[in-house]
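A.B. asks: Structure below; questions to follow.
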Amino acid sequence: MAASLPMRATVPAAGSGVKQHASWSPYDDNGGTVVAVAGDDYCVVAASTRMSTGYSILTRNKSKILTFNPKCLIASAGMQADMETLHKVLHSRHVTYQFNHRRPMGCQAMAQLLSNTLYHKRFFPYYTFNLCAGLDEQGRGAVYTYDAIGSYERVGYGCQGSGKELIQPVLDNQLKAASPLVLPAQQWLSSLPLEQAVDLVKGAFVSAGERDIYTGDDVEILILTKDGIRTDKLELKRD
Amino acid sequence: MLPRPQSHSAALGPGCTGPSLANPTPLGLEPRPVRHASQAPACGAEAFVVDPVALANGQPRKHTQYPYVTGTSVLGITYKDGVLLASDTLGAYGSTKRYKAFERLRKVNDACVVGASGELSDFQFIMRLLEELSDDDFCMDDGHRLKPAEVHSYLTRVLYNRRNKMDPLWNSIVVGGFYAGKPFLGTVGMIGTSYTDAHLATGFGNHLARPLMREKHRPDMSEEEATALMHECLKVCYYRDKNSINRFQLAKVTADGVSVSEPFALETKWGYKLFQDPAANAVGTW
């Protein structure tokens with residue numbers, strides 16, 4: 001994750017000074033991994049449910065996904081308190097939007113709103129790493145990937161959080177996106193059938209769970225199609 | 001309604017004391033406070049939100065940087081028809097056992113208790129916030145009370161807001177309650193980290209008691225079983241946590257309401273071989 005942000009307390013080397021009293025940081029990394037894969041007419045979103053601090057597990061069942069409507073949701077990893085706040089802000093903005101416009105917010109609009117919301121706190125950032133996912137106006141899968149301060153990009157698949165380094169290269173290899181250097185820019189979508197995409201995501205989480213201590217317990221999987229949202233659950237190792 | 005106490009400033013967010021707006025009086029009614037040039041925007045316009053405390057005394061605000069008097073772990077478990085919370089009654093000044101009868105489990109209303117570890121003066125401030133809310137509920141006289149989930153959510157906002165001000169309330173708080181036939185158990189940390197679970201522990205308890213709970217807890221436990229598990233967890237925490245004392249309280253929330261027990265002690269046994277000769281199995285120690 002972003003190396004410039006403070007993450008975990010480090011143990012001072014022996015003899016490097018006597019610890020006088022407790023200290024604190026406004027940031028913490030609670031771990032967790034989120035993945036989204038967009039297809040021609042579907043979008044698969046998955047998030048692990050373990051919440052940790054340092055080497056301790058706080059709870060095994062904490063959802064990282066906020067569903068706004070059947071065509072738009074966000075999944076966030078990083079610091080849980082910031083994530084909760086960001087979700088509350090976006091939820092209330094979504095409610096207001098519906099009062100003003102008499103329709104739920106589209107995925108593209110939510111993607112821009114999330115970017116603006118993150119950049120609004122540019123100099124005291126939300127320590128969250130987000131994916132905004134859903135179905136676009138044409139009914140195709142859409143995934144937007146972000147950094148902590150709101151830079152974003154539409155992609156065909158995305159991965160964020162503590163298991164990112166393990167899962168992203170596997171997705172790159174298996175889904176083979178068009179190079180971003182190709183001109184004119186190509187809108188890339190997975191050609192995988194839905195069931196294979198779900199299996200790929202499940203396999204990726206099982207693998208990440210083997211090596212990443214912050215990914216484990218359960219995976220919450222949401223499958224968005226034109227018929228609505230279907231949920232699935234994958235149990236990972238609880239070690 | 002009577003004017004609200006000032007602990008919930010509209011300008012500063014929940015849990016911050018101050019006037020409800022940064023500029024509380026209209027122009028001309030009262031002389032404006034003198035501002036330090038660095039606090040006024042260069043364009044000459046009014047600052048939108050300036051910390052009123054900093055304006056009032058001309059000094060920078062002092063922030064909590066570390067805790068003084070602290071309480072150790074609070075434990076909580078759900079069972080078949082309610083929730084149990086437990087903690088000892090110690091307020092420690094560093095490693096001095098300074099206050100030995102400090103009650104760290106408090107009733108909020110008939111459906112909710114909170115327990116706190118961490119800085120105890122901050123906990124007393126938090127209890128004042130909750131009492132203000134309860135008093136408002138009482139004055140409304142419509143029989144409505146804050147639900148446990150609402151208390152938990154509120155405390156999350158208070159602690160998170162104070163963290164954003166770089167002036168944290170140095171506590172980990174456990175909220176236990178019983179509402180609509182279901183037990184509620186949630187916790188909030190000093191930077192606003194919050195979650196709910198079937199069993200919880202703050203601080204050392206997360207290392208010492210939580211493994212026992214994971215092994216033995218069931219959601220359908222009877223009250224006797226839950227109490228026995230809680231006693232066992234408290235005992236382990238007392239054996240291994242030097243900032244704890246053998247004087248505990250147990251709070252229970254069920255459909256019948258809240259009860260916080262009188263302080264009690266648990267029977268301990270220090271005659272174990274490993275306690276008498278701790279180095280027996282550890283080669284190289286003395």
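Identifiers in the structure tokens: chain A, B, ... in order shown; residue index from 1 per chain; ligand index from 1 in order shown.
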Using DSSP on the backbone coordinates, identify the residues of region 8-192 of chain A assigned to strand (DSSP E); present them as number ranges by chain.
C.D. replies: A: 33-38, 42-48, 51-53, 56-59, 65-69, 72-78, 128-135, 141-146, 152-155, 157-161
A.B. asks: May I have the selected residues written with C-alpha atoms, as an mmCIF file, in the first residue's frame?
C.D. replies:
```
data_model
loop_
_atom_site.group_PDB
_atom_site.id
_atom_site.type_symbol
_atom_site.label_atom_id
_atom_site.label_comp_id
_atom_site.auth_asym_id
_atom_site.auth_seq_id
_atom_site.Cartn_x
_atom_site.Cartn_y
_atom_site.Cartn_z
ATOM 1 C CA THR A 33 -8.907 -7.300 -0.065
ATOM 2 C CA VAL A 34 -11.535 -6.291 -2.639
ATOM 3 C CA VAL A 35 -11.783 -7.492 -6.238
ATOM 4 C CA ALA A 36 -14.116 -6.606 -9.116
ATOM 5 C CA VAL A 37 -14.341 -8.088 -12.608
ATOM 6 C CA ALA A 38 -16.510 -6.567 -15.336
ATOM 7 C CA TYR A 42 -22.259 -8.709 -15.609
ATOM 8 C CA CYS A 43 -20.022 -7.455 -12.864
ATOM 9 C CA VAL A 44 -18.553 -9.621 -10.092
ATOM 10 C CA VAL A 45 -17.508 -7.901 -6.870
ATOM 11 C CA ALA A 46 -15.887 -9.681 -3.946
ATOM 12 C CA ALA A 47 -14.464 -8.597 -0.579
ATOM 13 C CA SER A 48 -12.884 -10.493 2.292
ATOM 14 C CA MET A 51 -10.818 -6.982 9.978
ATOM 15 C CA SER A 52 -7.419 -6.829 11.653
ATOM 16 C CA THR A 53 -5.090 -4.446 13.415
ATOM 17 C CA SER A 56 -4.650 -9.228 15.865
ATOM 18 C CA ILE A 57 -7.943 -10.146 14.258
ATOM 19 C CA LEU A 58 -10.663 -7.787 15.478
ATOM 20 C CA THR A 59 -13.607 -9.511 13.842
ATOM 21 C CA ILE A 65 -19.165 -3.432 0.351
ATOM 22 C CA LEU A 66 -21.781 -0.691 0.213
ATOM 23 C CA THR A 67 -24.597 -1.357 -2.275
ATOM 24 C CA PHE A 68 -26.369 1.796 -3.465
ATOM 25 C CA ASN A 69 -28.722 0.241 -5.991
ATOM 26 C CA CYS A 72 -23.910 0.491 -8.474
ATOM 27 C CA LEU A 73 -21.840 -0.292 -5.398
ATOM 28 C CA ILE A 74 -18.470 0.445 -3.874
ATOM 29 C CA ALA A 75 -16.004 -1.828 -2.105
ATOM 30 C CA SER A 76 -13.278 -0.408 0.125
ATOM 31 C CA ALA A 77 -10.194 -1.689 1.899
ATOM 32 C CA GLY A 78 -7.819 0.199 4.171
ATOM 33 C CA THR A 128 -9.239 3.841 1.947
ATOM 34 C CA PHE A 129 -8.600 2.053 -1.319
ATOM 35 C CA ASN A 130 -11.787 1.781 -3.310
ATOM 36 C CA LEU A 131 -13.406 0.124 -6.249
ATOM 37 C CA CYS A 132 -16.640 1.490 -7.667
ATOM 38 C CA ALA A 133 -18.383 -1.242 -9.630
ATOM 39 C CA GLY A 134 -21.674 -1.901 -11.351
ATOM 40 C CA LEU A 135 -23.363 -1.842 -14.723
ATOM 41 C CA GLY A 141 -19.934 -4.262 -16.479
ATOM 42 C CA ALA A 142 -18.072 -1.237 -15.122
ATOM 43 C CA VAL A 143 -15.197 -1.085 -12.653
ATOM 44 C CA TYR A 144 -13.490 2.101 -11.516
ATOM 45 C CA THR A 145 -10.293 1.920 -9.496
ATOM 46 C CA TYR A 146 -9.015 4.652 -7.151
ATOM 47 C CA TYR A 152 -9.478 7.182 -10.792
ATOM 48 C CA GLU A 153 -9.746 5.249 -13.995
ATOM 49 C CA ARG A 154 -12.270 2.927 -15.611
ATOM 50 C CA VAL A 155 -10.830 -0.551 -15.986
ATOM 51 C CA TYR A 157 -11.108 -5.530 -13.585
ATOM 52 C CA GLY A 158 -9.555 -4.240 -10.416
ATOM 53 C CA CYS A 159 -8.127 -5.252 -7.069
ATOM 54 C CA GLN A 160 -7.396 -3.188 -3.967
ATOM 55 C CA GLY A 161 -6.233 -3.756 -0.426
#
```
A.B. asks: Which residues of chain B come within 12 Å of chain A, and what is each one's closest atom pair and distance in Å (one decimal), counting only C-alpha atoms, sorted by chain and residue number, as CSV?
C.D. replies:
```
residue,atom,partner,partner_atom,distance
B:Thr64,CA,A:Trp24,CA,10.0
B:Gln65,CA,A:Ser23,CA,6.8
B:Tyr66,CA,A:Ala22,CA,5.7
B:Pro67,CA,A:Ala22,CA,7.3
B:Tyr68,CA,A:His21,CA,9.3
B:Thr70,CA,A:Ala22,CA,11.2
B:Tyr93,CA,A:His21,CA,11.7
B:Gly94,CA,A:His21,CA,8.7
B:Ser95,CA,A:His21,CA,11.2
B:Gly118,CA,A:Ala22,CA,10.9
B:Glu119,CA,A:Ala22,CA,11.3
B:Ser153,CA,A:Glu84,CA,10.5
B:Thr156,CA,A:Ala81,CA,8.4
B:Arg157,CA,A:Thr85,CA,8.5
B:Val158,CA,A:Ala81,CA,11.8
B:Leu159,CA,A:Ala81,CA,9.9
B:Tyr160,CA,A:Ala81,CA,7.2
B:Asn161,CA,A:Thr85,CA,10.1
B:Arg162,CA,A:Pro26,CA,10.1
B:Arg163,CA,A:Pro26,CA,6.3
B:Asn164,CA,A:Pro26,CA,7.5
B:Lys165,CA,A:Pro26,CA,9.7
B:Met166,CA,A:Pro26,CA,7.3
B:Asp167,CA,A:Pro26,CA,9.7
B:Pro168,CA,A:Pro26,CA,8.7
B:Leu169,CA,A:Trp24,CA,11.2
B:Trp170,CA,A:Trp24,CA,9.3
B:Asn171,CA,A:Trp24,CA,11.8
B:Gly186,CA,A:Thr59,CA,10.7
B:Thr187,CA,A:Leu58,CA,10.1
B:Val188,CA,A:Ala81,CA,9.3
B:Gly189,CA,A:Ala81,CA,9.1
B:Met190,CA,A:Pro26,CA,8.9
B:Ile191,CA,A:Pro26,CA,6.1
B:Gly192,CA,A:Ala81,CA,5.2
B:Thr193,CA,A:Ala81,CA,4.5
B:Ser194,CA,A:Ala81,CA,6.7
B:Tyr195,CA,A:Lys62,CA,7.2
B:Thr196,CA,A:Thr59,CA,7.9
B:Asp197,CA,A:Thr59,CA,6.8
B:Ala198,CA,A:Thr59,CA,9.5
B:His199,CA,A:Thr59,CA,9.2
B:Leu200,CA,A:Leu58,CA,8.4
B:Ala201,CA,A:Leu58,CA,9.0
B:Thr202,CA,A:Leu58,CA,9.5
B:Gly203,CA,A:Ser56,CA,10.6
B:Phe204,CA,A:Ser56,CA,10.8
B:Gly205,CA,A:Leu58,CA,11.3
B:Asn206,CA,A:Ser56,CA,7.8
B:His207,CA,A:Ser56,CA,7.7
B:Leu208,CA,A:Ser56,CA,11.4
B:Arg210,CA,A:Leu58,CA,9.5
B:Pro211,CA,A:Ile57,CA,10.5
B:Arg214,CA,A:Thr59,CA,10.8
```
A.B. asks: So what do you get for CA of Asp137 (chain B) versus CA of Ala180 (chain B), distance-wise?
C.D. replies: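 So the answer is 18.7 Å.
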A.B. asks: Quick one: residues within 10 Å of Ala204 (chain A), only C-alpha atoms, excluding same-chain residues fewer than 2 positions away - as a VMD selection string?
C.D. replies: chain A and resid 35 163 166 to 168 170 to 171 198 to 202 206 to 209
A.B. asks: Fewer than 2 positions away in the same chain doesn't count, so skip those; otherwise give me all residues within 12 Å of Glu103 (chain B), counting only C-alpha atoms, as a PyMOL selection string.
C.D. replies: chain B and resi 71+74+86-91+99-101+105-107+114-117+120+123-124+127+247-251+260-263
A.B. asks: Write out as a tab-separated table (two decimals) with N, CA, C and O atoms, in the first residue's frame which residues come within 9 Å of His217 (chain B) when counting only C-alpha atoms, dropping same-chain ones fewer than 5 positions away.
C.D. replies:
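Result went into result09.tsv, see below:
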```
chain	number	residue	atom	x	y	z
B	77	ILE	N	-19.85	-10.56	26.02
B	77	ILE	CA	-20.36	-11.69	25.24
B	77	ILE	C	-21.88	-11.62	25.15
B	77	ILE	O	-22.55	-11.11	26.05
B	78	THR	N	-22.39	-12.14	24.04
B	78	THR	CA	-23.84	-12.28	23.92
B	78	THR	C	-24.22	-13.68	24.37
B	78	THR	O	-23.40	-14.59	24.33
B	79	TYR	N	-25.43	-13.86	24.83
B	79	TYR	CA	-25.91	-15.21	25.12
B	79	TYR	C	-27.39	-15.29	24.74
B	79	TYR	O	-27.92	-14.37	24.12
B	198	ALA	N	-20.26	-11.30	18.18
B	198	ALA	CA	-20.96	-12.05	19.22
B	198	ALA	C	-20.18	-12.02	20.53
B	198	ALA	O	-20.73	-12.25	21.60
B	199	HIS	N	-18.87	-11.79	20.44
B	199	HIS	CA	-18.06	-11.61	21.65
B	199	HIS	C	-16.96	-10.61	21.35
B	199	HIS	O	-16.47	-10.54	20.22
B	212	LEU	N	-10.26	-17.68	24.27
B	212	LEU	CA	-11.16	-18.51	25.08
B	212	LEU	C	-12.59	-18.38	24.59
B	212	LEU	O	-13.34	-19.35	24.50
B	226	ALA	N	-22.83	-18.53	30.27
B	226	ALA	CA	-22.18	-17.28	29.87
B	226	ALA	C	-21.43	-16.66	31.04
B	226	ALA	O	-20.29	-16.19	30.88
B	229	LEU	N	-18.24	-18.60	31.63
B	229	LEU	CA	-17.23	-18.25	30.63
B	229	LEU	C	-16.60	-16.90	30.94
B	229	LEU	O	-15.38	-16.71	30.88
```
A.B. asks: Determine the nearest neighbour of Val113 (chain B) from the options B:Val175, B:Ile245, B:Val151, B:Leu146, counting only C-alpha atoms.
C.D. replies: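 Among the listed residues, B:Val175 lies closest to Val113 (chain B).
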A.B. asks: How many Å separate CA of Ser259 (chain B) from CA of Lys80 (chain B)?
C.D. replies: 16.6 Å
A.B. asks: Which value, in Å to one decimal, gives the distance between CA of Leu113 (chain A) and CA of Pro125 (chain A)?
C.D. replies: 15.4 Å
A.B. asks: Counting only C-alpha atoms, what is within 9 Å of Cys237 (chain B), bar same-chain residues fewer than 2 positions away, as a list in words?
C.D. replies: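 Result of the neighbour search: Ser73, Phe204, Gly205, Leu208, Ala209, Glu232, Cys233, Leu234, Lys235, Tyr239, Arg240, Asp241, Lys242 and Ser244 of chain B.
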